[in-house]
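Peer 1: What follows is final-v9.cif; its format and atoms are mmCIF, C-alpha atoms.
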data_structure
#
loop_
_atom_site.label_atom_id
_atom_site.label_comp_id
_atom_site.auth_asym_id
_atom_site.auth_seq_id
_atom_site.Cartn_x
_atom_site.Cartn_y
_atom_site.Cartn_z
CA GLY A 1 -2.60 -17.57 19.01
CA ALA A 2 -1.32 -13.97 19.17
CA VAL A 3 -4.16 -12.61 21.30
CA VAL A 4 -3.91 -9.16 22.82
CA SER A 5 -6.30 -7.88 25.47
CA GLN A 6 -6.98 -4.40 26.76
CA HIS A 7 -8.59 -3.24 29.96
CA PRO A 8 -10.82 -1.41 30.45
CA SER A 9 -12.79 -1.45 27.23
CA ARG A 10 -14.55 1.78 28.13
CA VAL A 11 -13.83 4.44 30.71
CA ILE A 12 -15.50 7.72 31.54
CA CYS A 13 -13.69 10.10 33.82
CA LYS A 14 -13.79 13.68 35.01
CA SER A 15 -11.45 16.28 33.67
CA GLY A 16 -8.20 16.44 35.66
CA THR A 17 -8.14 12.80 36.71
CA SER A 18 -5.71 10.15 35.51
CA VAL A 19 -6.66 6.99 33.70
CA LYS A 20 -4.62 3.81 33.31
CA ILE A 21 -5.11 1.45 30.38
CA GLU A 22 -3.59 -2.03 30.39
CA CYS A 23 -2.44 -3.98 27.37
CA ARG A 24 -1.62 -7.67 27.73
CA SER A 25 -0.33 -10.28 25.33
CA LEU A 26 -2.17 -13.41 26.42
CA ASP A 27 -0.41 -16.25 24.67
CA PHE A 28 2.96 -14.87 23.67
CA GLN A 29 5.74 -12.70 24.96
CA ALA A 30 5.92 -9.27 23.39
CA THR A 31 9.21 -7.48 23.50
CA THR A 32 7.63 -4.54 21.75
CA MET A 33 4.20 -3.03 22.16
CA PHE A 34 2.74 -0.01 20.43
CA TRP A 35 0.16 2.52 21.51
CA TYR A 36 -2.14 4.22 19.02
CA ARG A 37 -5.02 6.59 19.21
CA GLN A 38 -7.79 6.75 16.68
CA PHE A 39 -10.25 9.58 16.19
CA PRO A 40 -13.68 8.91 14.68
CA LYS A 41 -13.56 7.93 11.03
CA GLN A 42 -9.80 8.28 10.94
CA SER A 43 -6.86 5.92 10.74
CA LEU A 44 -4.54 4.92 13.56
CA MET A 45 -2.00 7.41 14.82
CA LEU A 46 1.06 5.93 16.49
CA MET A 47 1.73 7.52 19.86
CA ALA A 48 4.68 5.55 21.18
CA THR A 49 6.70 2.37 20.97
CA SER A 50 7.09 0.50 24.22
CA ASN A 51 9.96 -1.91 24.87
CA GLU A 52 10.14 -4.15 27.91
CA GLY A 53 12.54 -2.85 30.51
CA SER A 54 13.34 0.42 28.79
CA LYS A 55 11.83 3.83 28.26
CA ALA A 56 9.18 4.24 25.63
CA THR A 57 9.92 6.07 22.42
CA TYR A 58 7.35 8.74 21.68
CA GLU A 59 6.30 10.04 18.29
CA GLN A 60 6.74 13.68 17.49
CA GLY A 61 4.06 15.83 19.06
CA VAL A 62 3.09 13.30 21.75
CA GLU A 63 3.67 14.59 25.28
CA LYS A 64 5.56 11.95 27.21
CA ASP A 65 4.69 13.53 30.56
CA LYS A 66 1.02 13.38 29.74
CA PHE A 67 0.96 9.87 28.31
CA LEU A 68 3.02 7.73 30.66
CA ILE A 69 3.97 4.30 29.37
CA ASN A 70 5.32 1.48 31.47
CA HIS A 71 6.31 -1.84 29.91
CA ALA A 72 6.78 -3.78 33.13
CA SER A 73 6.99 -7.28 31.72
CA LEU A 74 7.03 -9.19 28.45
CA THR A 75 3.25 -9.47 28.57
CA LEU A 76 2.10 -6.16 30.00
CA SER A 77 2.31 -2.53 28.98
CA THR A 78 0.31 0.28 30.53
CA LEU A 79 -0.64 3.71 29.26
CA THR A 80 -1.59 6.33 31.82
CA VAL A 81 -3.30 9.46 30.63
CA THR A 82 -2.46 12.01 33.29
CA SER A 83 -4.67 15.00 34.09
CA ALA A 84 -7.04 14.07 31.34
CA HIS A 85 -8.98 16.73 29.46
CA PRO A 86 -11.92 16.44 27.05
CA GLU A 87 -9.59 16.71 24.06
CA ASP A 88 -7.94 13.47 25.23
CA SER A 89 -11.19 11.64 24.57
CA SER A 90 -10.41 9.06 21.92
CA PHE A 91 -10.11 5.37 21.08
CA TYR A 92 -6.78 4.06 22.36
CA ILE A 93 -5.47 0.84 20.85
CA CYS A 94 -2.39 -1.17 21.69
CA SER A 95 -0.62 -3.74 19.58
CA ALA A 96 2.17 -6.21 20.12
CA THR A 97 4.65 -8.03 17.96
CA THR A 98 5.61 -11.63 18.49
CA GLY A 99 9.14 -10.97 17.32
CA LEU A 100 8.80 -13.75 14.78
CA SER A 101 7.97 -13.00 11.17
CA TYR A 102 7.84 -9.62 9.50
CA ASN A 103 6.93 -7.62 12.63
CA GLU A 104 3.26 -8.38 12.25
CA GLN A 105 1.33 -6.43 14.83
CA PHE A 106 -1.59 -7.94 16.68
CA PHE A 107 -4.03 -5.44 18.07
CA GLY A 108 -6.03 -5.27 21.24
CA PRO A 109 -9.75 -4.52 21.13
CA GLY A 110 -9.23 -0.88 22.09
CA THR A 111 -10.26 1.36 24.98
CA ARG A 112 -12.82 4.10 24.51
CA LEU A 113 -11.89 7.02 26.78
CA THR A 114 -14.39 9.78 27.41
CA VAL A 115 -13.31 12.74 29.51
CA LEU A 116 -16.14 14.89 30.81
CA THR B 1 2.53 14.02 3.80
CA GLN B 2 0.67 10.73 3.80
CA LEU B 3 3.20 7.99 3.19
CA LEU B 4 0.57 5.44 2.18
CA GLU B 5 -2.30 6.61 0.00
CA GLN B 6 -5.33 4.41 0.18
CA SER B 7 -8.22 4.61 -2.26
CA PRO B 8 -11.08 4.82 -2.41
CA GLN B 9 -11.77 6.32 0.98
CA PHE B 10 -15.40 5.21 0.93
CA LEU B 11 -17.06 2.43 -1.03
CA SER B 12 -20.69 1.38 -0.95
CA ILE B 13 -21.69 -1.57 -3.10
CA GLN B 14 -24.39 -4.21 -3.45
CA GLU B 15 -24.00 -7.77 -2.30
CA GLY B 16 -22.42 -9.92 -5.00
CA GLU B 17 -20.36 -7.15 -6.59
CA ASN B 18 -16.57 -7.19 -6.87
CA LEU B 19 -14.32 -4.43 -5.61
CA THR B 20 -10.68 -3.44 -5.40
CA VAL B 21 -8.96 -1.28 -2.80
CA TYR B 22 -5.60 0.28 -3.57
CA CYS B 23 -2.68 1.21 -1.37
CA ASN B 24 0.06 3.28 -3.02
CA SER B 25 3.31 4.85 -1.94
CA SER B 26 6.51 6.31 -3.33
CA SER B 27 8.40 4.44 -0.64
CA VAL B 28 9.57 0.85 -0.64
CA PHE B 29 8.31 -1.38 2.15
CA SER B 30 9.88 -4.56 3.45
CA SER B 31 6.41 -5.90 4.13
CA LEU B 32 2.84 -4.73 3.88
CA GLN B 33 -0.08 -5.78 5.99
CA TRP B 34 -3.81 -5.55 5.48
CA TYR B 35 -6.18 -5.21 8.40
CA ARG B 36 -9.93 -5.09 8.78
CA GLN B 37 -11.47 -3.11 11.61
CA GLU B 38 -15.07 -3.06 12.79
CA PRO B 39 -16.52 -0.13 14.77
CA GLY B 40 -15.39 -0.09 18.38
CA GLU B 41 -12.87 -2.87 17.90
CA GLY B 42 -9.18 -3.19 17.17
CA PRO B 43 -7.87 -4.01 13.68
CA VAL B 44 -7.61 -7.69 12.78
CA LEU B 45 -4.70 -8.83 10.63
CA LEU B 46 -5.82 -10.33 7.33
CA VAL B 47 -2.56 -10.92 5.52
CA THR B 48 1.10 -9.96 5.26
CA VAL B 49 2.81 -9.70 1.88
CA VAL B 50 6.56 -9.62 1.66
CA THR B 51 7.83 -10.47 -1.81
CA GLY B 52 7.45 -8.13 -4.79
CA GLY B 53 4.77 -9.48 -7.13
CA GLU B 54 3.39 -11.77 -4.44
CA VAL B 55 -0.28 -12.74 -4.60
CA LYS B 56 -2.09 -14.22 -1.63
CA LYS B 57 -5.64 -15.49 -1.51
CA LEU B 58 -7.86 -15.72 1.52
CA LYS B 59 -11.17 -17.20 0.39
CA ARG B 60 -12.82 -14.40 -1.63
CA LEU B 61 -10.05 -11.92 -0.86
CA THR B 62 -7.00 -11.58 -3.11
CA PHE B 63 -4.02 -9.51 -2.03
CA GLN B 64 -1.24 -8.39 -4.33
CA PHE B 65 2.07 -6.74 -3.58
CA GLY B 66 3.57 -4.65 -6.37
CA ASP B 67 6.77 -5.76 -8.04
CA ALA B 68 8.64 -2.78 -6.60
CA ARG B 69 7.08 -3.28 -3.14
CA LYS B 70 5.63 0.23 -3.19
CA ASP B 71 1.98 -0.60 -3.67
CA SER B 72 -0.61 -3.22 -2.92
CA SER B 73 -4.20 -4.05 -3.73
CA LEU B 74 -7.02 -5.95 -2.11
CA HIS B 75 -9.67 -7.46 -4.36
CA ILE B 76 -12.89 -8.89 -2.97
CA THR B 77 -14.99 -11.15 -5.15
CA ALA B 78 -18.74 -11.44 -4.66
CA ALA B 79 -18.83 -9.15 -1.65
CA GLN B 80 -21.12 -10.02 1.25
CA PRO B 81 -22.61 -7.83 4.00
CA GLY B 82 -20.20 -9.48 6.42
CA ASP B 83 -17.32 -7.88 4.52
CA THR B 84 -18.46 -4.46 5.72
CA GLY B 85 -15.75 -2.69 7.69
CA LEU B 86 -12.73 -0.42 7.58
CA TYR B 87 -9.86 -1.87 5.58
CA LEU B 88 -6.43 -0.59 6.47
CA CYS B 89 -3.12 -1.16 4.75
CA ALA B 90 0.07 -0.73 6.74
CA GLY B 91 3.64 -0.81 5.54
CA GLU B 92 6.79 -1.69 7.40
CA LYS B 93 9.89 0.16 6.31
CA GLY B 94 13.13 -1.77 6.51
CA GLY B 95 14.94 -1.44 9.80
CA SER B 96 11.93 -0.20 11.72
CA GLU B 97 9.36 -2.12 13.72
CA LYS B 98 6.87 0.70 13.22
CA LEU B 99 4.01 0.46 10.76
CA VAL B 100 2.83 3.28 8.55
CA PHE B 101 -0.92 3.15 8.11
CA GLY B 102 -3.04 4.30 5.23
CA LYS B 103 -6.16 6.32 6.01
CA GLY B 104 -8.37 3.34 5.40
CA THR B 105 -11.22 2.38 3.10
CA LYS B 106 -14.67 2.29 4.62
CA LEU B 107 -16.53 -0.50 2.83
CA THR B 108 -20.28 -0.97 3.09
CA VAL B 109 -21.87 -3.98 1.40
CA ASN B 110 -25.63 -3.63 1.16
CA PRO B 111 -27.83 -6.75 1.11
#
Can I see the file as structure tokens?
Peer 2:
Amino acid sequence: GAVVSQHPSRVICKSGTSVKIECRSLDFQATTMFWYRQFPKQSLMLMATSNEGSKATYEQGVEKDKFLINHASLTLSTLTVTSAHPEDSSFYICSATTGLSYNEQFFGPGTRLTVL
Amino acid sequence: TQLLEQSPQFLSIQEGENLTVYCNSSSVFSSLQWYRQEPGEGPVLLVTVVTGGEVKKLKRLTFQFGDARKDSSLHITAAQPGDTGLYLCAGEKGGSEKLVFGKGTKLTVNP
């Protein structure tokens, strides 16, 4: 149980294009999902908290107009990197909570974004 | 300011050795979670500790939550190459769903 998937697993795009990453909870409903980015050999940095049916809450320093988050249903949240630039290249990981015990977060496998 | 200090940052040991990873903070957490992450993959939850002084065992892994719920440790007995990975501790502060992550401990177990 508590399986989270992400799609795509890898994406390479040209500078200036937009990229959408999907995060799905496969066997549970997630009222809250989180988006992180992780640079090589570093820990996870929380970007935003996504709640179904409401606007995402962004962490300080994260541009909400650049990183668009849509939590359309209890099993799906999407992150769109708009007008991507090489400095946006990173490993993006989502997580979801089941809403049961202790807010345990279950992570997706991550999406490796490379912007050329 | 790093809310959760994890140490050591890197650890390279031989198969069969024991090791301990520490996660310390000046803040109190309502719960603390340990994750293991392999390159190119998302973190996998190992354990959640909630009660001060709690000890949980998962095969060769022993997790402890400090009495004051400010620190935690992960002890691995007789490490194996399959234990290689990035170990992350993450604390949940009361009233928030967000997790605060430590910087991680990169463990390499050599055969």
Peer 1: Quick one: residues within 7 Å of Gly16 (chain A), all atoms listed in the file counted, chain neighbours fewer than 6 positions away excluded, as a JSON list (two decimals) with C-alpha atoms, in the coordinates of the input?
Peer 2:
[["chain", "number", "residue", "atom", "x", "y", "z"],
["A", 83, "SER", "CA", -4.67, 15.00, 34.09],
["A", 84, "ALA", "CA", -7.04, 14.07, 31.34],
["A", 85, "HIS", "CA", -8.98, 16.73, 29.46]]
Peer 1: Carefully work through the PyMOL selection byres ((chain B and resi 28-34) around 6) for this structure and note down the residues it includes, as a list in words.
Peer 2: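 Those residues are Ser27, Tyr35, Leu46, Val47, Thr48, Val49, Val50, Arg69, Lys70, Leu88, Cys89, Ala90, Gly91, Glu92, Lys93 and Gly94 of chain B.
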Peer 1: Can you write just those residues out, C-alpha atoms, as an mmCIF file, keeping the file's coordinate frame?
Peer 2:
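Contents of the output file again_24.cif:
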data_model
loop_
_atom_site.group_PDB
_atom_site.id
_atom_site.type_symbol
_atom_site.label_atom_id
_atom_site.label_comp_id
_atom_site.auth_asym_id
_atom_site.auth_seq_id
_atom_site.Cartn_x
_atom_site.Cartn_y
_atom_site.Cartn_z
ATOM 1 C CA SER B 27 8.400 4.440 -0.640
ATOM 2 C CA TYR B 35 -6.180 -5.210 8.400
ATOM 3 C CA LEU B 46 -5.820 -10.330 7.330
ATOM 4 C CA VAL B 47 -2.560 -10.920 5.520
ATOM 5 C CA THR B 48 1.100 -9.960 5.260
ATOM 6 C CA VAL B 49 2.810 -9.700 1.880
ATOM 7 C CA VAL B 50 6.560 -9.620 1.660
ATOM 8 C CA ARG B 69 7.080 -3.280 -3.140
ATOM 9 C CA LYS B 70 5.630 0.230 -3.190
ATOM 10 C CA LEU B 88 -6.430 -0.590 6.470
ATOM 11 C CA CYS B 89 -3.120 -1.160 4.750
ATOM 12 C CA ALA B 90 0.070 -0.730 6.740
ATOM 13 C CA GLY B 91 3.640 -0.810 5.540
ATOM 14 C CA GLU B 92 6.790 -1.690 7.400
ATOM 15 C CA LYS B 93 9.890 0.160 6.310
ATOM 16 C CA GLY B 94 13.130 -1.770 6.510
#
Peer 1: Please report, as CSV, each residue of chain B lying at most 7 Å from chain A, together with the nearest pair of atoms and the separation in Å rounded to one decimal; use all atoms listed in the file, and order rows by chain and ascending residue number.
Peer 2:
residue,atom,partner,partner_atom,distance
B:Ser31,CA,A:Tyr102,CA,6.7
B:Glu41,CA,A:Pro109,CA,4.8
B:Gly42,CA,A:Pro109,CA,4.2
B:Pro43,CA,A:Phe107,CA,6.0
B:Val44,CA,A:Phe107,CA,6.8
B:Leu45,CA,A:Phe106,CA,6.9
B:Glu97,CA,A:Asn103,CA,6.1
B:Phe101,CA,A:Leu44,CA,6.8
B:Gly102,CA,A:Ser43,CA,6.9
B:Lys103,CA,A:Ser43,CA,4.8
B:Gly104,CA,A:Ser43,CA,6.1
Peer 1: The PyMOL selection byres ((chain B and resi 6) around 8) on the file shown: which residues, as a ChimeraX atom specification?
Peer 2: /B:4-5,7-9,21-24,89,102-105
Peer 1: Write to file, as a compact mmCIF listing (two decimals), in the coordinates of the input, the residues of the selection just made, with C-alpha atoms.
Peer 2:
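See part-v7.txt below for the written result:
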# COMPACT_ATOMS: atom_id res chain seq x y z
CA LEU B 4 0.57 5.44 2.18
CA GLU B 5 -2.30 6.61 0.00
CA SER B 7 -8.22 4.61 -2.26
CA PRO B 8 -11.08 4.82 -2.41
CA GLN B 9 -11.77 6.32 0.98
CA VAL B 21 -8.96 -1.28 -2.80
CA TYR B 22 -5.60 0.28 -3.57
CA CYS B 23 -2.68 1.21 -1.37
CA ASN B 24 0.06 3.28 -3.02
CA CYS B 89 -3.12 -1.16 4.75
CA GLY B 102 -3.04 4.30 5.23
CA LYS B 103 -6.16 6.32 6.01
CA GLY B 104 -8.37 3.34 5.40
CA THR B 105 -11.22 2.38 3.10
Peer 1: Skipping near chain neighbours, those fewer than 2 positions away, what residues fall within 10 Å of Leu76 (chain A) using only C-alpha atoms, listed as a list in words?
Peer 2: Val4, Ser5, Gln6, Glu22, Cys23, Arg24, Ser25, Leu26, Gln29, Ala30, Thr31, Met33, Glu52, Asn70, His71, Ala72, Ser73, Leu74, Thr78 and Ala96 of chain A
Peer 1: Calculate how many Å separate CA of Leu79 (chain A) from CA of Val100 (chain B), rounding to one decimal.
Peer 2: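 Value for the CA of Leu79 (chain A)-CA of Val100 (chain B) distance: 21.0 Å.
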Peer 1: At a cut-off of 6 Å, can you tabulate as a tab-separated table every residue of region 75-104 of chain B near region 59-64 of chain B together with its closest atom pair and the distance in Å to one decimal, using all atoms listed in the file and ordering rows by chain then number?
Peer 2:
residue	atom	partner	partner_atom	distance
B:His75	CA	B:Thr62	CA	5.1
B:Ile76	CA	B:Leu61	CA	4.7
B:Thr77	CA	B:Arg60	CA	5.3
Peer 1: Go ahead and dump the residues you just picked, C-alpha atoms, as a short mmCIF file (atom, residue, chain, number, x, y, z; two decimals), in the frame of the given file.
Peer 2:
data_model
loop_
_atom_site.label_atom_id
_atom_site.label_comp_id
_atom_site.auth_asym_id
_atom_site.auth_seq_id
_atom_site.Cartn_x
_atom_site.Cartn_y
_atom_site.Cartn_z
CA HIS B 75 -9.67 -7.46 -4.36
CA ILE B 76 -12.89 -8.89 -2.97
CA THR B 77 -14.99 -11.15 -5.15
#
